[in-house]
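See below for input-v6.txt, which holds compact mmCIF, C-alpha atoms and all ligand atoms.
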# COMPACT_ATOMS: atom_id res chain seq x y z
CA MET A 166 177.42 66.90 -50.87
CA VAL A 167 174.91 67.16 -53.69
CA VAL A 168 172.27 65.74 -51.40
CA ARG A 169 173.11 68.34 -48.78
CA LYS A 170 172.97 71.14 -51.35
CA LYS A 171 169.64 69.88 -52.52
CA LEU A 172 168.42 69.74 -48.92
CA VAL A 173 169.51 73.32 -48.24
CA PHE A 174 167.83 74.47 -51.44
CA THR A 175 164.61 72.65 -50.58
CA LEU A 176 164.66 74.12 -47.10
CA LEU A 177 165.13 77.66 -48.39
CA LEU A 178 162.40 77.11 -50.95
CA ALA A 179 160.08 75.83 -48.24
CA LEU A 180 160.83 78.86 -46.06
CA PHE A 181 160.16 81.11 -49.04
CA LEU A 182 156.91 79.39 -49.92
CA LEU A 183 155.74 79.32 -46.34
CA ASN A 184 156.72 82.97 -46.09
CA ILE A 185 158.36 82.37 -42.72
CA PRO A 186 160.15 85.51 -41.53
CA LEU A 187 163.86 84.87 -41.89
CA ARG A 188 166.11 86.42 -39.33
CA SER A 189 169.35 85.69 -37.56
CA ALA A 190 169.24 83.03 -34.90
CA ALA A 191 170.11 85.49 -32.15
CA PHE A 192 167.17 87.01 -30.32
CA PRO A 193 166.78 90.56 -31.59
CA GLY A 194 167.76 93.09 -28.95
CA TYR A 195 168.58 96.74 -28.40
CA SER A 196 172.04 98.29 -28.15
CA PRO A 197 173.17 99.71 -24.78
CA ALA A 198 173.46 103.10 -26.53
CA GLU A 199 169.69 103.05 -27.06
CA PHE A 200 168.98 103.19 -23.31
CA GLU A 201 171.81 105.66 -22.72
CA TRP A 202 170.34 108.28 -25.09
CA ARG A 203 166.85 107.72 -23.69
CA ARG A 204 168.08 108.48 -20.16
CA LEU A 205 170.05 111.52 -21.34
CA ALA A 206 167.03 112.83 -23.26
CA LEU A 207 164.83 112.46 -20.16
CA MET A 208 167.39 114.11 -17.85
CA GLU A 209 167.84 116.94 -20.36
CA ALA A 210 164.07 117.52 -20.50
CA VAL A 211 163.52 117.35 -16.72
CA GLY A 212 166.65 119.40 -16.01
CA GLN A 213 166.65 119.32 -12.19
CA GLY A 214 165.90 117.32 -9.03
CA ILE A 215 165.91 113.52 -8.79
CA ILE A 216 164.07 111.09 -11.08
CA VAL A 217 163.00 107.74 -9.57
CA LEU A 218 161.44 104.87 -11.55
CA PHE A 219 160.46 101.41 -10.30
CA ALA A 220 160.78 97.98 -11.92
CA ALA A 221 157.88 95.53 -11.80
CA PRO A 222 157.83 93.84 -8.38
CA GLY A 223 158.01 90.25 -9.60
CA ASN A 224 156.27 87.48 -11.47
CA SER A 225 152.53 87.38 -11.80
CA GLY A 226 150.30 84.63 -13.08
CA ALA A 227 151.28 82.00 -15.61
CA GLY A 228 152.76 84.45 -18.13
CA HIS A 229 156.41 85.26 -18.58
CA PHE A 230 157.85 88.08 -16.48
CA ARG A 231 157.41 91.39 -18.30
CA GLN A 232 159.23 94.41 -16.96
CA ASP A 233 157.43 97.68 -16.20
CA ASN A 234 157.32 99.60 -19.52
CA ASP A 235 158.76 102.90 -18.27
CA PHE A 236 161.51 101.18 -16.29
CA PHE A 237 162.49 98.98 -19.24
CA TYR A 238 162.42 101.96 -21.61
CA PHE A 239 165.23 103.64 -19.68
CA THR A 240 167.26 100.59 -18.62
CA GLY A 241 166.70 97.54 -20.83
CA CYS A 242 167.00 95.72 -17.49
CA GLU A 243 164.67 92.86 -16.58
CA ASP A 244 165.46 92.64 -12.87
CA ALA A 245 162.33 92.48 -10.72
CA GLY A 246 161.97 94.81 -7.75
CA ALA A 247 164.73 97.22 -8.89
CA ILE A 248 164.80 101.04 -8.71
CA LEU A 249 166.36 103.45 -11.20
CA VAL A 250 167.59 106.84 -10.01
CA MET A 251 168.60 109.55 -12.48
CA ILE A 252 170.20 112.82 -11.47
CA PRO A 253 169.79 115.37 -14.28
CA GLU A 254 172.33 117.85 -12.90
CA SER A 255 175.20 115.34 -13.13
CA ARG A 256 173.60 113.30 -15.97
CA SER A 257 174.19 110.17 -13.91
CA SER A 258 172.12 107.03 -13.37
CA PHE A 259 172.11 104.54 -10.48
CA LEU A 260 170.47 101.15 -10.24
CA PHE A 261 169.23 99.58 -6.99
CA VAL A 262 168.61 95.85 -7.14
CA PRO A 263 167.26 93.33 -4.58
CA GLN A 264 169.91 91.16 -2.99
CA LYS A 265 169.00 87.54 -3.65
CA THR A 266 169.63 84.64 -1.29
CA GLU A 267 171.61 81.64 -2.53
CA GLY A 268 168.35 79.69 -2.59
CA GLU A 269 166.65 82.29 -4.78
CA LYS A 270 169.60 82.34 -7.15
CA ARG A 271 169.47 78.55 -7.46
CA MET A 272 165.73 78.69 -8.11
CA GLU A 273 165.47 81.58 -10.55
CA GLY A 274 168.99 82.76 -11.37
CA GLY A 275 170.77 85.91 -10.22
CA ASN A 276 170.26 89.56 -11.14
CA SER A 277 172.45 92.59 -11.94
CA LEU A 278 173.85 92.58 -8.42
CA ASP A 279 175.51 89.24 -9.16
CA ASP A 280 177.19 90.53 -12.32
CA PRO A 281 180.30 92.66 -11.61
CA LYS A 282 180.06 94.08 -15.15
CA ALA A 283 176.36 95.04 -14.86
CA GLY A 284 177.01 98.73 -14.17
CA GLU A 285 179.21 99.02 -17.24
CA LYS A 286 176.81 97.05 -19.43
CA LEU A 287 173.76 99.06 -18.34
CA GLY A 288 175.54 102.42 -18.36
CA MET A 289 174.99 102.99 -14.62
CA ARG A 290 177.32 105.05 -12.42
CA ALA A 291 176.81 102.30 -9.82
CA VAL A 292 174.67 99.26 -9.04
CA TYR A 293 173.71 99.01 -5.35
CA PRO A 294 171.55 96.68 -3.24
CA VAL A 295 168.02 98.05 -3.02
CA SER A 296 168.39 98.18 0.78
CA TYR A 297 170.74 101.16 0.28
CA PHE A 298 168.13 103.18 -1.69
CA ASP A 299 166.70 105.28 1.17
CA GLU A 300 170.13 106.15 2.54
CA PHE A 301 171.23 107.18 -0.96
CA LEU A 302 168.11 109.29 -1.47
CA SER A 303 168.58 111.01 1.91
CA ARG A 304 172.16 111.85 1.00
CA ILE A 305 171.51 113.24 -2.48
CA SER A 306 168.27 115.03 -1.64
CA ALA A 307 170.33 117.25 0.66
CA ARG A 308 172.39 118.30 -2.35
CA GLN A 309 169.88 118.50 -5.21
CA LYS A 310 166.88 120.76 -5.68
CA PRO A 311 164.28 119.18 -3.38
CA VAL A 312 162.13 117.98 -6.28
CA LEU A 313 161.39 114.32 -6.79
CA TYR A 314 160.14 113.28 -10.23
CA LEU A 315 158.01 110.14 -9.90
CA ARG A 316 155.46 108.44 -12.09
CA LEU A 317 152.37 109.98 -10.49
CA SER A 318 150.20 108.97 -13.49
CA PRO A 319 149.13 105.33 -13.86
CA GLU A 320 151.50 102.74 -15.31
CA ASP A 321 150.61 101.14 -18.64
CA THR A 322 150.93 97.42 -19.38
CA VAL A 323 151.41 95.44 -22.57
CA SER A 324 147.67 95.51 -23.25
CA GLU A 325 146.35 98.48 -21.26
CA ALA A 326 146.87 102.22 -21.69
CA ARG A 327 147.59 104.46 -18.71
CA SER A 328 144.03 105.79 -19.03
CA GLU A 329 142.62 102.26 -19.05
CA ARG A 330 144.54 101.37 -15.87
CA ALA A 331 142.99 104.42 -14.19
CA LEU A 332 139.55 103.43 -15.45
CA PHE A 333 139.83 99.79 -14.32
CA LEU A 334 141.11 100.88 -10.92
CA ALA A 335 138.15 103.24 -10.60
CA ARG A 336 135.78 100.39 -11.51
CA GLN A 337 137.45 98.18 -8.91
CA HIS A 338 136.60 100.83 -6.32
CA ARG A 339 132.86 100.35 -7.02
CA ASN A 340 133.09 97.47 -4.58
CA PRO A 341 134.64 98.80 -1.37
CA TYR A 342 136.09 95.37 -0.58
CA ASN A 343 138.17 95.54 -3.78
CA ALA A 344 139.25 99.15 -3.27
CA LEU A 345 143.00 98.64 -3.10
CA ILE A 346 145.23 101.46 -4.27
CA SER A 347 147.80 100.66 -6.96
CA LEU A 348 151.51 100.18 -6.32
CA ASN A 349 152.05 103.42 -8.17
CA GLN A 350 149.74 105.29 -5.78
CA PHE A 351 151.24 103.54 -2.77
CA ARG A 352 154.76 104.60 -3.75
CA ALA A 353 153.78 108.27 -4.05
CA GLU A 354 152.14 108.06 -0.62
CA LYS A 355 155.22 106.38 0.85
CA PHE A 356 157.51 109.13 -0.49
CA ARG A 357 155.21 111.79 1.00
CA LEU A 358 155.54 110.12 4.40
CA MET A 359 159.27 109.45 4.17
CA TYR A 360 160.35 112.76 2.58
CA PRO A 361 157.76 115.43 3.43
CA ALA A 362 160.18 118.21 2.47
CA LEU A 363 160.58 116.94 -1.08
CA GLU A 364 158.24 118.31 -3.71
CA LEU A 365 156.73 115.49 -5.79
CA LYS A 366 156.29 116.10 -9.51
CA ASP A 367 155.00 113.83 -12.26
CA VAL A 368 157.72 112.57 -14.63
CA THR A 369 155.15 110.81 -16.86
CA PRO A 370 154.55 113.64 -19.38
CA TYR A 371 158.31 113.83 -20.04
CA ILE A 372 158.46 110.05 -20.57
CA ASP A 373 155.47 110.05 -22.91
CA VAL A 374 157.00 112.69 -25.21
CA LEU A 375 159.92 110.29 -25.76
CA ARG A 376 157.92 107.06 -25.98
CA MET A 377 155.53 108.49 -28.59
CA ILE A 378 158.32 108.79 -31.18
CA LYS A 379 159.94 105.49 -32.16
CA SER A 380 163.72 105.28 -32.63
CA PRO A 381 165.36 103.47 -35.57
CA GLU A 382 166.01 100.44 -33.32
CA GLU A 383 162.37 100.37 -32.24
CA ILE A 384 161.20 100.73 -35.83
CA ALA A 385 163.35 97.75 -36.87
CA MET A 386 161.80 95.69 -34.03
CA LEU A 387 158.27 96.79 -34.97
CA ARG A 388 158.84 95.90 -38.64
CA LEU A 389 159.95 92.41 -37.60
CA ASN A 390 157.03 91.99 -35.19
CA ALA A 391 154.64 93.18 -37.91
CA ARG A 392 155.92 90.53 -40.32
CA ILE A 393 155.59 87.82 -37.68
CA SER A 394 152.13 88.98 -36.55
CA ALA A 395 150.89 89.23 -40.15
CA GLU A 396 152.13 85.70 -40.78
CA ALA A 397 150.28 84.59 -37.65
CA VAL A 398 146.96 86.04 -38.81
CA LYS A 399 147.46 84.47 -42.25
CA LYS A 400 148.01 81.11 -40.54
CA ALA A 401 144.76 81.57 -38.61
CA MET A 402 142.92 82.39 -41.85
CA LEU A 403 144.21 79.17 -43.37
CA THR A 404 143.15 77.25 -40.23
CA SER A 405 139.57 78.54 -40.35
CA ARG A 406 136.83 76.34 -41.84
CA PRO A 407 133.16 75.61 -41.20
CA GLY A 408 133.02 73.73 -37.90
CA ALA A 409 136.34 75.04 -36.56
CA MET A 410 136.44 76.32 -33.00
CA GLU A 411 137.48 79.93 -32.54
CA TYR A 412 140.33 78.83 -30.26
CA GLU A 413 141.86 76.72 -33.04
CA LEU A 414 142.56 79.95 -34.93
CA GLU A 415 144.05 81.50 -31.78
CA ALA A 416 146.30 78.46 -31.36
CA ALA A 417 147.51 78.59 -34.96
CA ALA A 418 148.38 82.29 -34.67
CA VAL A 419 150.05 82.04 -31.26
CA GLU A 420 152.26 79.21 -32.53
CA VAL A 421 153.68 81.51 -35.21
CA LEU A 422 154.42 84.19 -32.60
CA LEU A 423 156.20 81.85 -30.20
CA LYS A 424 158.19 80.15 -32.95
CA ASN A 425 159.53 83.52 -34.05
CA GLY A 426 160.66 84.90 -30.71
CA CYS A 427 157.59 86.80 -29.50
CA ARG A 428 156.84 86.37 -25.80
CA GLY A 429 153.20 85.89 -26.71
CA PRO A 430 150.25 87.96 -27.86
CA ALA A 431 150.19 91.66 -26.99
CA TYR A 432 146.60 91.33 -25.71
CA PRO A 433 144.02 88.57 -25.33
CA PRO A 434 143.46 87.41 -28.92
CA ILE A 435 140.00 88.27 -30.24
CA VAL A 436 138.58 85.53 -32.48
CA GLY A 437 134.87 86.16 -32.91
CA SER A 438 132.63 84.34 -35.38
CA GLY A 439 129.03 85.13 -36.33
CA PRO A 440 127.39 87.12 -33.50
CA ASN A 441 130.76 87.49 -31.75
CA THR A 442 132.07 89.68 -34.59
CA CYS A 443 129.98 92.47 -33.02
CA ILE A 444 131.58 92.28 -29.54
CA LEU A 445 134.55 94.63 -29.83
CA HIS A 446 136.68 93.11 -27.06
CA TYR A 447 135.33 89.52 -27.23
CA ASP A 448 137.95 87.05 -26.01
CA LYS A 449 136.10 83.85 -24.97
CA ASN A 450 137.06 82.33 -28.34
CA ASN A 451 135.09 79.13 -27.63
CA ARG A 452 132.39 79.12 -30.30
CA GLN A 453 132.17 76.86 -33.31
CA MET A 454 132.08 78.83 -36.57
CA GLN A 455 129.65 77.97 -39.33
CA ALA A 456 129.58 78.30 -43.11
CA GLY A 457 128.11 81.62 -44.23
CA GLU A 458 129.36 83.49 -41.18
CA LEU A 459 132.18 85.98 -40.87
CA VAL A 460 135.05 85.59 -38.46
CA LEU A 461 136.82 88.65 -37.03
CA MET A 462 140.30 88.28 -35.61
CA ASP A 463 142.11 91.06 -33.73
CA PHE A 464 145.62 89.88 -32.96
CA GLY A 465 149.24 90.97 -32.55
CA GLY A 466 152.49 89.85 -30.99
CA ASP A 467 154.68 91.20 -28.19
CA LEU A 468 158.27 91.17 -29.45
CA ASN A 469 160.95 92.57 -27.16
CA TYR A 470 158.58 95.01 -25.43
CA LEU A 471 157.00 96.27 -28.65
CA THR A 472 153.52 95.33 -29.84
CA ILE A 473 151.56 95.15 -33.09
CA ASP A 474 147.79 95.42 -33.63
CA ILE A 475 146.05 93.77 -36.62
CA THR A 476 142.41 93.00 -37.37
CA ARG A 477 141.07 91.07 -40.31
CA THR A 478 137.54 89.86 -41.04
CA TRP A 479 136.86 87.06 -43.49
CA PRO A 480 134.16 84.58 -44.56
CA VAL A 481 134.38 81.17 -42.85
CA SER A 482 133.32 79.39 -46.05
CA GLY A 483 135.87 81.25 -48.19
CA LYS A 484 133.52 83.51 -50.20
CA PHE A 485 131.86 86.72 -49.03
CA THR A 486 128.08 86.94 -49.56
CA GLU A 487 126.89 89.99 -51.51
CA GLU A 488 125.74 91.75 -48.33
CA GLN A 489 129.03 91.00 -46.51
CA LYS A 490 130.97 92.20 -49.55
CA LYS A 491 129.05 95.48 -49.70
CA ILE A 492 129.73 96.33 -46.05
CA TYR A 493 133.31 95.07 -46.22
CA ARG A 494 134.05 97.38 -49.17
CA VAL A 495 132.82 100.40 -47.20
CA VAL A 496 135.06 99.61 -44.22
CA LEU A 497 138.00 98.93 -46.53
CA GLU A 498 137.52 102.16 -48.50
CA VAL A 499 137.28 104.19 -45.28
CA GLN A 500 140.38 102.46 -43.86
CA LYS A 501 142.35 103.12 -47.03
CA ALA A 502 141.24 106.75 -47.12
CA CYS A 503 142.38 107.17 -43.49
CA LEU A 504 145.78 105.69 -44.38
CA GLU A 505 146.09 108.01 -47.37
CA ALA A 506 145.49 111.02 -45.14
CA LEU A 507 148.20 110.16 -42.60
CA ARG A 508 151.31 112.35 -42.55
CA PRO A 509 153.13 114.53 -40.03
CA GLY A 510 151.07 117.50 -38.86
CA VAL A 511 147.69 115.83 -39.40
CA THR A 512 144.90 115.74 -36.76
CA SER A 513 141.94 113.38 -36.37
CA ARG A 514 139.55 116.07 -37.68
CA GLU A 515 141.61 116.47 -40.86
CA VAL A 516 141.60 112.71 -41.47
CA GLN A 517 137.80 112.72 -41.06
CA ALA A 518 137.45 115.57 -43.54
CA TYR A 519 139.64 113.72 -46.04
CA VAL A 520 137.61 110.51 -45.66
CA GLU A 521 134.36 112.42 -46.17
CA LYS A 522 135.69 114.08 -49.34
CA LYS A 523 137.04 110.80 -50.68
CA MET A 524 133.77 108.93 -50.13
CA GLU A 525 131.85 111.69 -51.91
CA GLU A 526 134.26 111.56 -54.85
CA LYS A 527 133.89 107.81 -55.13
CA GLY A 528 130.13 107.91 -54.60
CA ILE A 529 130.32 105.59 -51.57
CA ASP A 530 127.82 105.85 -48.73
CA PRO A 531 130.11 105.45 -45.68
CA LEU A 532 127.16 104.03 -43.65
CA GLY A 533 127.93 106.40 -40.81
CA LEU A 534 131.61 105.50 -40.65
CA ARG A 535 133.73 108.62 -40.27
CA GLY A 536 137.33 107.43 -39.92
CA GLY A 537 139.94 109.46 -38.07
CA LEU A 538 143.05 108.71 -36.08
CA GLY A 539 143.33 105.51 -34.06
CA HIS A 540 145.53 104.82 -31.07
CA LEU A 541 149.31 104.87 -30.91
CA VAL A 542 151.07 101.50 -30.66
CA GLY A 543 154.34 100.74 -28.90
CA MET A 544 155.39 99.13 -25.61
CA SER A 545 151.67 99.01 -24.91
CA VAL A 546 149.22 98.16 -27.66
CA HIS A 547 147.30 101.21 -26.46
CA ASP A 548 150.46 103.23 -26.19
CA VAL A 549 151.10 106.53 -24.43
CA GLN A 550 149.35 109.32 -26.30
CA SER A 551 148.63 113.02 -25.76
CA PRO A 552 144.92 113.95 -25.76
CA ASP A 553 145.06 116.36 -28.74
CA LEU A 554 147.25 114.24 -30.96
CA VAL A 555 149.01 115.77 -33.96
CA LEU A 556 150.93 113.18 -35.99
CA LYS A 557 154.72 113.29 -36.11
CA GLU A 558 157.28 111.31 -38.06
CA GLY A 559 158.24 108.21 -36.08
CA MET A 560 154.83 107.69 -34.46
CA VAL A 561 153.27 104.24 -34.84
CA MET A 562 149.49 104.02 -34.98
CA ALA A 563 146.67 101.52 -35.48
CA ILE A 564 143.89 102.51 -37.89
CA GLU A 565 140.82 100.36 -37.19
CA PRO A 566 137.47 101.40 -38.65
CA GLY A 567 134.61 98.95 -38.20
CA LEU A 568 130.89 98.56 -38.83
CA TYR A 569 128.81 96.40 -36.51
CA TYR A 570 125.25 95.10 -37.05
CA PRO A 571 124.34 92.84 -34.09
CA GLU A 572 120.86 92.24 -35.56
CA LYS A 573 122.56 90.66 -38.62
CA ASN A 574 125.32 88.90 -36.56
CA LEU A 575 127.70 90.84 -38.76
CA GLY A 576 130.65 92.92 -37.65
CA ILE A 577 133.56 93.98 -39.84
CA ARG A 578 136.76 95.64 -38.69
CA ILE A 579 139.96 96.13 -40.68
CA GLU A 580 143.03 97.24 -38.75
CA ASP A 581 146.63 97.89 -39.70
CA THR A 582 149.56 99.21 -37.69
CA VAL A 583 151.43 101.95 -39.55
CA LEU A 584 154.55 104.03 -39.12
CA ILE A 585 154.27 107.76 -39.80
CA THR A 586 157.03 108.69 -42.24
CA ARG A 587 158.28 112.07 -43.48
CA ASP A 588 155.58 112.40 -46.11
CA GLY A 589 152.99 109.73 -45.38
CA CYS A 590 152.91 106.35 -43.71
CA GLU A 591 154.35 102.88 -44.07
CA ILE A 592 151.86 100.06 -43.49
CA LEU A 593 153.81 97.69 -41.27
CA THR A 594 151.19 94.93 -41.34
CA SER A 595 150.59 94.76 -45.10
CA GLY A 596 151.75 91.10 -45.08
CA VAL A 597 148.23 89.89 -44.38
CA PRO A 598 145.68 90.33 -47.18
CA LYS A 599 142.73 92.70 -46.86
CA GLU A 600 141.43 93.05 -50.45
CA ILE A 601 138.35 90.88 -51.06
CA GLU A 602 139.99 89.05 -53.98
CA GLU A 603 143.23 88.47 -52.03
CA ILE A 604 141.34 87.08 -49.04
CA GLU A 605 139.23 84.76 -51.18
CA ALA A 606 142.33 83.59 -53.07
CA LEU A 607 144.16 82.81 -49.80
CA LEU A 608 141.14 80.96 -48.38
CA ALA A 609 140.82 78.96 -51.60
CA ARG A 610 144.16 77.33 -50.68
CA ARG A 611 142.50 75.61 -47.70
CA LYS A 612 141.66 71.94 -48.04
CA PHE A 613 138.60 70.53 -46.25
MN MN B 1 143.56 98.48 -32.09
Written form, structure tokens:
Amino acid sequence: MVVRKKLVFTLLLALFLLNIPLRSAAFPGYSPAEFEWRRLALMEAVGQGIIVLFAAPGNSGAGHFRQDNDFFYFTGCEDAGAILVMIPESRSSFLFVPQKTEGEKRMEGGNSLDDPKAGEKLGMRAVYPVSYFDEFLSRISARQKPVLYLRLSPEDTVSEARSERALFLARQHRNPYNALISLNQFRAEKFRLMYPALELKDVTPYIDVLRMIKSPEEIAMLRLNARISAEAVKKAMLTSRPGAMEYELEAAAVEVLLKNGCRGPAYPPIVGSGPNTCILHYDKNNRQMQAGELVLMDFGGDLNYLTIDITRTWPVSGKFTEEQKKIYRVVLEVQKACLEALRPGVTSREVQAYVEKKMEEKGIDPLGLRGGLGHLVGMSVHDVQSPDLVLKEGMVMAIEPGLYYPEKNLGIRIEDTVLITRDGCEILTSGVPKEIEEIEALLARRKF
């Protein structure tokens, strides 16, 4: 008994010392009510017609299946190939799901169609086979206003914003042999052919208004992900040493994510040493780092469809050189000034003005760095965002100033993900050090 008590104590002490995020064994999830209010809010905002959203078609590549962001946001359902129909006038939702063969079910398990309670659990008026979708649409379109709300804007993914999807698709079209249209575009075209009398409207702006503001359940998930992701970056810092390969740091960080319930990284991890610190989206991660160099790591986890974005830059040998220190301080001061300026109602221009004032007061030459707002973070690490962004309570944003000197093989970026609160912001990713002294003290714990 005493031995067991001692064991439990030692274990708790070890967890405390290792700073491993403690949480219940159950995988953190969302309540059914969360998806119910999201659907009601969307139907309320749209007010008329028929809203149709599509699930991701199926598995791709070696990664885990990840549902389409917009579809998951309104259903919490991970069935591939499904369709969600919402009818604002009756405030009702219907799910259409592919009928699986017995062989498919044996191979990959069933879906909502195989669960008699699925409709109740998901808050759907009914769950039908997807083969019934067109008949259903023909029936209800005769009764509703002939307006069909579809996602006519690009879809976003875990690592790519809607605007980036559009950009990458456009680039793909440079080569006419790669010029495929997206599933999103194909669906709109298909509806035009099938239902020429229906007016197609874009539901995306209505979705984005909702997705930009995080709910209490989302905030809880983001706080947990931030703790895990911060722990992961700390682990990578402790793994770094002269002679280490960049991918060793990636491996150390990914292990922390996977052990704590994340599906994986939210984007290809960036671990750049020396000259690679200056390549903003470097992800080869196959260089050997040397003493005297900096290493820049941009990393975050994907936990239950919510992402986190962190960047830290530190000296491989454990101590910043004077020149590195000087530039690091500028980036850090600008980042901190940006964070100080964040509160509801603030624009990018106002943050810039605050940073400028602050640097003047402190007598710091910002070396051309101006600060400002970063990008919103959520289901996508480059989350949905309106072009002229004004901060609101409940928004989550990455602030990531950086200075890059390729001729010196020296790039420094410091990035935190923050939650906009009623009167300021909460730094979600403060668990990983960014002060020079803190970084050097952490690195001094390494043994090599
Ligand atoms: Mn970022």
Show me which residues are within 10 Å of ligand MN 1 (chain B) counting all atoms listed in the file, and format the list as a PDB file with C-alpha atoms, keeping the file's coordinate frame.
ATOM      1  CA  ASP A 463     142.110  91.060 -33.730  1.00  0.00           C
ATOM      2  CA  PHE A 464     145.620  89.880 -32.960  1.00  0.00           C
ATOM      3  CA  GLY A 465     149.240  90.970 -32.550  1.00  0.00           C
ATOM      4  CA  ILE A 473     151.560  95.150 -33.090  1.00  0.00           C
ATOM      5  CA  ASP A 474     147.790  95.420 -33.630  1.00  0.00           C
ATOM      6  CA  ILE A 475     146.050  93.770 -36.620  1.00  0.00           C
ATOM      7  CA  THR A 476     142.410  93.000 -37.370  1.00  0.00           C
ATOM      8  CA  GLY A 539     143.330 105.510 -34.060  1.00  0.00           C
ATOM      9  CA  HIS A 540     145.530 104.820 -31.070  1.00  0.00           C
ATOM     10  CA  LEU A 541     149.310 104.870 -30.910  1.00  0.00           C
ATOM     11  CA  VAL A 542     151.070 101.500 -30.660  1.00  0.00           C
ATOM     12  CA  VAL A 546     149.220  98.160 -27.660  1.00  0.00           C
ATOM     13  CA  HIS A 547     147.300 101.210 -26.460  1.00  0.00           C
ATOM     14  CA  MET A 562     149.490 104.020 -34.980  1.00  0.00           C
ATOM     15  CA  ALA A 563     146.670 101.520 -35.480  1.00  0.00           C
ATOM     16  CA  ILE A 564     143.890 102.510 -37.890  1.00  0.00           C
ATOM     17  CA  GLU A 565     140.820 100.360 -37.190  1.00  0.00           C
ATOM     18  CA  PRO A 566     137.470 101.400 -38.650  1.00  0.00           C
ATOM     19  CA  ARG A 578     136.760  95.640 -38.690  1.00  0.00           C
ATOM     20  CA  ILE A 579     139.960  96.130 -40.680  1.00  0.00           C
ATOM     21  CA  GLU A 580     143.030  97.240 -38.750  1.00  0.00           C
ATOM     22  CA  ASP A 581     146.630  97.890 -39.700  1.00  0.00           C
ATOM     23  CA  THR A 582     149.560  99.210 -37.690  1.00  0.00           C
TER      24      THR A 582
END
Practice task
Counting all atoms listed in the file, figure out which residue out of A:Gln264, A:Gln517, A:Gln309, A:Thr486 gets nearest to Val499 of chain A.
Solution key: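 Checking each candidate against Val499 of chain A, we get A:Gln517 as the closest.
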Counting all atoms listed in the file, what are the residues of segment 496-531 of chain A within 12 Å of segment 574-577 of chain A, and for each of them which pair of atoms is the nearest and at what distance in Å, to one decimal? Sort the table by chain and rising number, as CSV.
residue,atom,partner,partner_atom,distance
A:Val496,CA,A:Ile577,CA,7.3
A:Leu497,CA,A:Ile577,CA,9.4
A:Gln500,CA,A:Ile577,CA,11.6
Practice task
Using all atoms listed in the file, determine which residues lie at most 10 Å from Asp373 of chain A, disregarding the query and same-chain residues fewer than 2 positions distant; provide the list as JSON, numbers by chain.
Solution key: {"A": [235, 368, 369, 370, 371, 375, 376, 377, 378, 548, 549, 550, 551]}
Would you write out those residues with C-alpha atoms, as a PDB file, in the frame of the given file?
ATOM      1  CA  ASP A 235     158.760 102.900 -18.270  1.00  0.00           C
ATOM      2  CA  VAL A 368     157.720 112.570 -14.630  1.00  0.00           C
ATOM      3  CA  THR A 369     155.150 110.810 -16.860  1.00  0.00           C
ATOM      4  CA  PRO A 370     154.550 113.640 -19.380  1.00  0.00           C
ATOM      5  CA  TYR A 371     158.310 113.830 -20.040  1.00  0.00           C
ATOM      6  CA  LEU A 375     159.920 110.290 -25.760  1.00  0.00           C
ATOM      7  CA  ARG A 376     157.920 107.060 -25.980  1.00  0.00           C
ATOM      8  CA  MET A 377     155.530 108.490 -28.590  1.00  0.00           C
ATOM      9  CA  ILE A 378     158.320 108.790 -31.180  1.00  0.00           C
ATOM     10  CA  ASP A 548     150.460 103.230 -26.190  1.00  0.00           C
ATOM     11  CA  VAL A 549     151.100 106.530 -24.430  1.00  0.00           C
ATOM     12  CA  GLN A 550     149.350 109.320 -26.300  1.00  0.00           C
ATOM     13  CA  SER A 551     148.630 113.020 -25.760  1.00  0.00           C
TER      14      SER A 551
END
Exercise for the section: Extract, using all atoms listed in the file, all DNA, RNA and protein residues at most 10 Å from Glu605 of chain A, discarding same-chain residues fewer than 6 positions from it, and format them as a ChimeraX atom specification. Expected result: /A:479-480,482-485,598-599
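Counting all atoms listed in the file, the residue from A:Arg392, A:Lys557, A:Lys355, A:Arg336 that sits nearest to Pro509 of chain A is A:Lys557.
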Exercise for the section: Find the distance between atom CA of Asp244 of chain A and atom CA of Pro311 of chain A and write it in Å to one decimal. Expected result: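 Separating atom CA of Asp244 of chain A from atom CA of Pro311 of chain A is a distance of 28.2 Å.
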